[in-house]
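Coordinates from work29.pdb are shown below (PDB, N, CA and C atoms).
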```
MODEL        1
ATOM      1  N   MET Z  12      90.204 -54.424  18.664
ATOM      2  CA  MET Z  12      89.299 -54.235  17.571
ATOM      3  C   MET Z  12      89.311 -52.762  17.180
ATOM      4  N   LYS Z  13      89.344 -52.521  15.866
ATOM      5  CA  LYS Z  13      89.304 -51.153  15.341
ATOM      6  C   LYS Z  13      88.012 -50.947  14.577
ATOM      7  N   LYS Z  14      87.441 -49.759  14.735
ATOM      8  CA  LYS Z  14      86.248 -49.386  13.980
ATOM      9  C   LYS Z  14      86.405 -47.958  13.495
ATOM     10  N   THR Z  15      85.781 -47.661  12.363
ATOM     11  CA  THR Z  15      85.823 -46.322  11.793
ATOM     12  C   THR Z  15      84.408 -45.750  11.778
ATOM     13  N   TYR Z  16      84.308 -44.488  12.172
ATOM     14  CA  TYR Z  16      83.014 -43.811  12.268
ATOM     15  C   TYR Z  16      83.065 -42.521  11.473
ATOM     16  N   LYS Z  17      81.938 -42.144  10.887
ATOM     17  CA  LYS Z  17      81.815 -40.850  10.217
ATOM     18  C   LYS Z  17      81.553 -39.808  11.300
ATOM     19  N   ILE Z  18      82.226 -38.673  11.185
ATOM     20  CA  ILE Z  18      82.028 -37.607  12.165
ATOM     21  C   ILE Z  18      81.669 -36.309  11.453
ATOM     22  N   ASP Z  19      81.125 -35.390  12.215
ATOM     23  CA  ASP Z  19      80.824 -34.052  11.713
ATOM     24  C   ASP Z  19      81.547 -33.087  12.632
ATOM     25  N   VAL Z  20      82.611 -32.490  12.112
ATOM     26  CA  VAL Z  20      83.424 -31.554  12.894
ATOM     27  C   VAL Z  20      83.741 -30.351  12.019
ATOM     28  N   ASP Z  21      83.787 -29.163  12.632
ATOM     29  CA  ASP Z  21      83.876 -27.911  11.879
ATOM     30  C   ASP Z  21      85.278 -27.481  11.468
ATOM     31  N   CYS Z  22      86.288 -27.820  12.261
ATOM     32  CA  CYS Z  22      87.629 -27.322  11.934
ATOM     33  C   CYS Z  22      88.696 -28.332  12.354
ATOM     34  N   ALA Z  23      89.879 -28.182  11.800
ATOM     35  CA  ALA Z  23      90.970 -29.103  12.087
ATOM     36  C   ALA Z  23      91.386 -29.040  13.551
ATOM     37  N   ASN Z  24      91.366 -27.864  14.137
ATOM     38  CA  ASN Z  24      91.738 -27.719  15.539
ATOM     39  C   ASN Z  24      90.767 -28.491  16.436
ATOM     40  N   CYS Z  25      89.484 -28.381  16.137
ATOM     41  CA  CYS Z  25      88.479 -29.125  16.911
ATOM     42  C   CYS Z  25      88.663 -30.629  16.711
ATOM     43  N   ALA Z  26      89.011 -31.039  15.505
ATOM     44  CA  ALA Z  26      89.251 -32.462  15.233
ATOM     45  C   ALA Z  26      90.394 -32.985  16.101
ATOM     46  N   ASN Z  27      91.451 -32.188  16.235
ATOM     47  CA  ASN Z  27      92.575 -32.588  17.092
ATOM     48  C   ASN Z  27      92.143 -32.711  18.548
ATOM     49  N   LYS Z  28      91.325 -31.778  19.003
ATOM     50  CA  LYS Z  28      90.848 -31.823  20.389
ATOM     51  C   LYS Z  28      89.924 -33.017  20.608
ATOM     52  N   MET Z  29      89.100 -33.329  19.613
ATOM     53  CA  MET Z  29      88.207 -34.491  19.715
ATOM     54  C   MET Z  29      89.023 -35.788  19.749
ATOM     55  N   GLU Z  30      90.076 -35.835  18.963
ATOM     56  CA  GLU Z  30      90.955 -37.006  18.953
ATOM     57  C   GLU Z  30      91.553 -37.222  20.337
ATOM     58  N   GLU Z  31      92.020 -36.158  20.938
ATOM     59  CA  GLU Z  31      92.604 -36.261  22.275
ATOM     60  C   GLU Z  31      91.555 -36.680  23.311
ATOM     61  N   ALA Z  32      90.349 -36.128  23.208
ATOM     62  CA  ALA Z  32      89.271 -36.492  24.129
ATOM     63  C   ALA Z  32      88.923 -37.966  23.982
ATOM     64  N   ALA Z  33      88.893 -38.457  22.750
ATOM     65  CA  ALA Z  33      88.582 -39.871  22.510
ATOM     66  C   ALA Z  33      89.663 -40.768  23.099
ATOM     67  N   ARG Z  34      90.920 -40.378  22.934
ATOM     68  CA  ARG Z  34      92.037 -41.184  23.459
ATOM     69  C   ARG Z  34      91.993 -41.312  24.981
ATOM     70  N   LYS Z  35      91.466 -40.298  25.656
ATOM     71  CA  LYS Z  35      91.422 -40.301  27.119
ATOM     72  C   LYS Z  35      90.217 -41.057  27.671
ATOM     73  N   THR Z  36      89.338 -41.525  26.794
ATOM     74  CA  THR Z  36      88.133 -42.229  27.225
ATOM     75  C   THR Z  36      88.490 -43.649  27.663
ATOM     76  N   PRO Z  37      88.012 -44.077  28.836
ATOM     77  CA  PRO Z  37      88.258 -45.459  29.268
ATOM     78  C   PRO Z  37      87.709 -46.455  28.241
ATOM     79  N   GLY Z  38      88.507 -47.463  27.946
ATOM     80  CA  GLY Z  38      88.116 -48.479  26.973
ATOM     81  C   GLY Z  38      88.695 -48.241  25.592
ATOM     82  N   VAL Z  39      89.319 -47.068  25.389
ATOM     83  CA  VAL Z  39      89.918 -46.737  24.099
ATOM     84  C   VAL Z  39      91.427 -46.925  24.200
ATOM     85  N   ARG Z  40      91.968 -47.761  23.326
ATOM     86  CA  ARG Z  40      93.423 -47.947  23.266
ATOM     87  C   ARG Z  40      94.067 -46.819  22.466
ATOM     88  N   ASP Z  41      93.423 -46.456  21.330
ATOM     89  CA  ASP Z  41      93.950 -45.382  20.488
ATOM     90  C   ASP Z  41      92.811 -44.826  19.647
ATOM     91  N   ALA Z  42      92.964 -43.598  19.222
ATOM     92  CA  ALA Z  42      91.962 -42.955  18.366
ATOM     93  C   ALA Z  42      92.657 -41.973  17.437
ATOM     94  N   ALA Z  43      92.095 -41.829  16.246
ATOM     95  CA  ALA Z  43      92.620 -40.871  15.274
ATOM     96  C   ALA Z  43      91.445 -40.242  14.540
ATOM     97  N   VAL Z  44      91.527 -38.927  14.356
ATOM     98  CA  VAL Z  44      90.500 -38.200  13.607
ATOM     99  C   VAL Z  44      91.152 -37.608  12.368
ATOM    100  N   ASN Z  45      90.558 -37.874  11.211
ATOM    101  CA  ASN Z  45      91.031 -37.303   9.962
ATOM    102  C   ASN Z  45      90.023 -36.233   9.546
ATOM    103  N   PHE Z  46      90.417 -34.977   9.663
ATOM    104  CA  PHE Z  46      89.520 -33.869   9.350
ATOM    105  C   PHE Z  46      89.161 -33.838   7.871
ATOM    106  N   MET Z  47      90.100 -34.191   7.007
ATOM    107  CA  MET Z  47      89.858 -34.127   5.563
ATOM    108  C   MET Z  47      88.786 -35.123   5.111
ATOM    109  N   THR Z  48      88.785 -36.316   5.707
ATOM    110  CA  THR Z  48      87.801 -37.333   5.311
ATOM    111  C   THR Z  48      86.602 -37.388   6.256
ATOM    112  N   LEU Z  49      86.665 -36.617   7.356
ATOM    113  CA  LEU Z  49      85.618 -36.599   8.385
ATOM    114  C   LEU Z  49      85.362 -38.000   8.940
ATOM    115  N   LYS Z  50      86.467 -38.665   9.314
ATOM    116  CA  LYS Z  50      86.361 -40.009   9.874
ATOM    117  C   LYS Z  50      87.170 -40.103  11.163
ATOM    118  N   MET Z  51      86.647 -40.895  12.083
ATOM    119  CA  MET Z  51      87.340 -41.185  13.339
ATOM    120  C   MET Z  51      87.563 -42.693  13.403
ATOM    121  N   THR Z  52      88.811 -43.093  13.615
ATOM    122  CA  THR Z  52      89.132 -44.497  13.795
ATOM    123  C   THR Z  52      89.446 -44.713  15.265
ATOM    124  N   VAL Z  53      88.773 -45.688  15.853
ATOM    125  CA  VAL Z  53      88.941 -45.971  17.277
ATOM    126  C   VAL Z  53      89.376 -47.419  17.438
ATOM    127  N   GLU Z  54      90.446 -47.616  18.198
ATOM    128  CA  GLU Z  54      90.888 -48.962  18.559
ATOM    129  C   GLU Z  54      90.499 -49.177  20.018
ATOM    130  N   PHE Z  55      89.709 -50.207  20.254
ATOM    131  CA  PHE Z  55      89.194 -50.487  21.587
ATOM    132  C   PHE Z  55      90.109 -51.437  22.344
ATOM    133  N   GLU Z  56      90.138 -51.292  23.669
ATOM    134  CA  GLU Z  56      90.870 -52.233  24.501
ATOM    135  C   GLU Z  56      90.148 -53.574  24.468
ATOM    136  N   ASP Z  57      90.893 -54.647  24.698
ATOM    137  CA  ASP Z  57      90.323 -55.994  24.675
ATOM    138  C   ASP Z  57      89.176 -56.119  25.669
ATOM    139  N   GLY Z  58      88.100 -56.769  25.229
ATOM    140  CA  GLY Z  58      86.974 -57.042  26.103
ATOM    141  C   GLY Z  58      85.992 -55.902  26.271
ATOM    142  N   GLN Z  59      86.203 -54.799  25.576
ATOM    143  CA  GLN Z  59      85.305 -53.645  25.709
ATOM    144  C   GLN Z  59      84.145 -53.751  24.720
ATOM    145  N   ASP Z  60      82.994 -53.217  25.107
ATOM    146  CA  ASP Z  60      81.830 -53.148  24.233
ATOM    147  C   ASP Z  60      81.934 -51.848  23.429
ATOM    148  N   PRO Z  61      82.184 -51.951  22.119
ATOM    149  CA  PRO Z  61      82.359 -50.726  21.319
ATOM    150  C   PRO Z  61      81.193 -49.754  21.414
ATOM    151  N   ALA Z  62      79.964 -50.248  21.457
ATOM    152  CA  ALA Z  62      78.804 -49.348  21.511
ATOM    153  C   ALA Z  62      78.804 -48.530  22.796
ATOM    154  N   ALA Z  63      79.091 -49.176  23.913
ATOM    155  CA  ALA Z  63      79.114 -48.469  25.199
ATOM    156  C   ALA Z  63      80.273 -47.476  25.259
ATOM    157  N   VAL Z  64      81.431 -47.890  24.789
ATOM    158  CA  VAL Z  64      82.604 -47.009  24.808
ATOM    159  C   VAL Z  64      82.363 -45.798  23.912
ATOM    160  N   MET Z  65      81.732 -45.997  22.747
ATOM    161  CA  MET Z  65      81.501 -44.887  21.832
ATOM    162  C   MET Z  65      80.504 -43.884  22.396
ATOM    163  N   GLN Z  66      79.586 -44.308  23.235
ATOM    164  CA  GLN Z  66      78.693 -43.347  23.892
ATOM    165  C   GLN Z  66      79.513 -42.428  24.797
ATOM    166  N   ALA Z  67      80.501 -43.000  25.494
ATOM    167  CA  ALA Z  67      81.381 -42.194  26.348
ATOM    168  C   ALA Z  67      82.266 -41.279  25.501
ATOM    169  N   VAL Z  68      82.761 -41.798  24.370
ATOM    170  CA  VAL Z  68      83.576 -40.984  23.462
ATOM    171  C   VAL Z  68      82.757 -39.797  22.957
ATOM    172  N   LEU Z  69      81.522 -40.053  22.550
ATOM    173  CA  LEU Z  69      80.664 -38.970  22.064
ATOM    174  C   LEU Z  69      80.454 -37.917  23.146
ATOM    175  N   GLY Z  70      80.219 -38.355  24.378
ATOM    176  CA  GLY Z  70      80.057 -37.417  25.486
ATOM    177  C   GLY Z  70      81.285 -36.554  25.692
ATOM    178  N   ASN Z  71      82.471 -37.178  25.632
ATOM    179  CA  ASN Z  71      83.713 -36.421  25.799
ATOM    180  C   ASN Z  71      83.937 -35.448  24.641
ATOM    181  N   CYS Z  72      83.607 -35.878  23.433
ATOM    182  CA  CYS Z  72      83.786 -35.005  22.274
ATOM    183  C   CYS Z  72      82.820 -33.825  22.315
ATOM    184  N   LYS Z  73      81.625 -34.036  22.829
ATOM    185  CA  LYS Z  73      80.657 -32.932  22.939
ATOM    186  C   LYS Z  73      81.122 -31.886  23.945
ATOM    187  N   LYS Z  74      82.005 -32.259  24.877
ATOM    188  CA  LYS Z  74      82.592 -31.276  25.793
ATOM    189  C   LYS Z  74      83.543 -30.355  25.037
ATOM    190  N   VAL Z  75      84.145 -30.867  23.964
ATOM    191  CA  VAL Z  75      85.075 -30.079  23.137
ATOM    192  C   VAL Z  75      84.292 -29.193  22.181
ATOM    193  N   GLU Z  76      83.346 -29.815  21.478
ATOM    194  CA  GLU Z  76      82.542 -29.094  20.480
ATOM    195  C   GLU Z  76      81.111 -29.611  20.635
ATOM    196  N   ASP Z  77      80.258 -28.822  21.260
ATOM    197  CA  ASP Z  77      78.931 -29.327  21.641
ATOM    198  C   ASP Z  77      78.026 -29.703  20.478
ATOM    199  N   ASP Z  78      78.331 -29.256  19.255
ATOM    200  CA  ASP Z  78      77.489 -29.622  18.130
ATOM    201  C   ASP Z  78      78.105 -30.712  17.254
ATOM    202  N   CYS Z  79      79.153 -31.368  17.742
ATOM    203  CA  CYS Z  79      79.774 -32.434  16.964
ATOM    204  C   CYS Z  79      78.844 -33.646  16.926
ATOM    205  N   GLU Z  80      79.004 -34.445  15.877
ATOM    206  CA  GLU Z  80      78.239 -35.674  15.749
ATOM    207  C   GLU Z  80      79.179 -36.796  15.356
ATOM    208  N   ILE Z  81      78.970 -37.949  15.952
ATOM    209  CA  ILE Z  81      79.659 -39.168  15.549
ATOM    210  C   ILE Z  81      78.549 -40.127  15.164
ATOM    211  N   PHE Z  82      78.572 -40.582  13.947
ATOM    212  CA  PHE Z  82      77.500 -41.448  13.455
ATOM    213  C   PHE Z  82      77.847 -42.885  13.776
ATOM    214  N   LEU Z  83      77.158 -43.412  14.787
ATOM    215  CA  LEU Z  83      77.452 -44.750  15.306
ATOM    216  C   LEU Z  83      76.720 -45.820  14.536
TER     217      LEU Z  83
ENDMDL
END
```
Could you rewrite the structure in this file as structure tokens?
Amino acid sequence: MKKTYKIDVDCANCANKMEEAARKTPGVRDAAVNFMTLKMTVEFEDGQDPAAVMQAVLGNCKKVEDDCEIFL
């Protein structure tokens, strides 16, 4: 399952780091961040609860940029 979320990120470099952090989160098959549109697309592994996985993704992204927001 794929879902798209609105994000708030300050620079393209941070967006790349957030994308990598999201990809490393358990339950995420793939993730992509588009800095120009301020959107994050996340593909979840089968059987995962997107809401629970996105809480972990948000936590990992806040380690990269502590003021980032992902609108769930």
Near region 57-74 of chain Z, within 8 Å and counting all atoms listed in the file, which residues show up once chain neighbours fewer than 6 positions away are dropped, as a list in words?
->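 With the cut-off at 8 Å, the set is Met12, Lys28, Met29, Glu30, Glu31, Ala32, Ala33, Arg34, Lys35, Thr36, Pro37, Gly38, Val39, Arg40, Glu80, Ile81 and Leu83 of chain Z.
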Identify, with DSSP run on backbone atoms, the residues in chain Z assigned to strand (DSSP E), and express the list as number ranges by chain.
-> Z: 13-19, 39-45, 50-55, 80-82
Produce a table with one row for each residue of region 24-65 of chain Z that has an atom at most 6 Å from any atom of region 13-20 of chain Z, each row naming the nearest atom pair and its distance in Å at one decimal; use only N, CA and C atoms; arrange rows by chain and rising residue number; format as CSV.
```
residue,atom,partner,partner_atom,distance
Z:Leu49,C,Z:Ile18,N,3.9
Z:Lys50,CA,Z:Tyr16,C,4.4
Z:Met51,C,Z:Tyr16,N,3.9
Z:Thr52,CA,Z:Thr15,CA,4.3
Z:Val53,N,Z:Lys14,C,4.0
Z:Glu54,CA,Z:Lys13,CA,4.2
Z:Phe55,N,Z:Lys13,N,5.0
```
Write to file, as a short mmCIF file (atom, residue, chain, number, x, y, z; two decimals), in the coordinates of the input, the residues of the selection just made, with N, CA and C atoms.
```cif
data_model
loop_
_atom_site.label_atom_id
_atom_site.label_comp_id
_atom_site.auth_asym_id
_atom_site.auth_seq_id
_atom_site.Cartn_x
_atom_site.Cartn_y
_atom_site.Cartn_z
N LEU Z 49 86.66 -36.62 7.36
CA LEU Z 49 85.62 -36.60 8.38
C LEU Z 49 85.36 -38.00 8.94
N LYS Z 50 86.47 -38.66 9.31
CA LYS Z 50 86.36 -40.01 9.87
C LYS Z 50 87.17 -40.10 11.16
N MET Z 51 86.65 -40.90 12.08
CA MET Z 51 87.34 -41.18 13.34
C MET Z 51 87.56 -42.69 13.40
N THR Z 52 88.81 -43.09 13.62
CA THR Z 52 89.13 -44.50 13.80
C THR Z 52 89.45 -44.71 15.26
N VAL Z 53 88.77 -45.69 15.85
CA VAL Z 53 88.94 -45.97 17.28
C VAL Z 53 89.38 -47.42 17.44
N GLU Z 54 90.45 -47.62 18.20
CA GLU Z 54 90.89 -48.96 18.56
C GLU Z 54 90.50 -49.18 20.02
N PHE Z 55 89.71 -50.21 20.25
CA PHE Z 55 89.19 -50.49 21.59
C PHE Z 55 90.11 -51.44 22.34
#
```
Tell me, in Å to one decimal, how far atom C of Asp21 (chain Z) is from CA of Val44 (chain Z).
->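 The value is 12.1 Å.
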Enter the distance from CA of Asn24 (chain Z) to CA of Glu56 (chain Z), in Å, rounded to one decimal.
->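 CA of Glu56 (chain Z) lies at a distance of 26.1 Å from CA of Asn24 (chain Z).
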Alpha helix (DSSP H) residues, from DSSP on the backbone, in chain Z, as a list in words =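 Taking chain Z and keeping alpha helix (DSSP H) only, one gets Ala23, Asn24, Cys25, Ala26, Asn27, Lys28, Met29, Glu30, Glu31, Ala32, Ala33, Arg34, Pro61, Ala62, Ala63, Val64, Met65, Gln66, Ala67, Val68, Leu69, Gly70, Asn71, Cys72, Lys73, Lys74 and Val75 of chain Z.
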Interatomic distance between atom C of Ala43 (chain Z) and CA of Cys22 (chain Z)?
-> 13.7 Å
Enclose the full set of atoms of region 49-62 of chain Z listed in the file within a box whose edges lie along x, y and z, apply 3 Å of padding to each of the six sides, and report centre and edge lengths in Å to one decimal as AutoDock Vina command-line options.
```
--center_x 84.8 --center_y -46.8 --center_z 16.8 --size_x 18.1 --size_y 26.4 --size_z 24.9
```
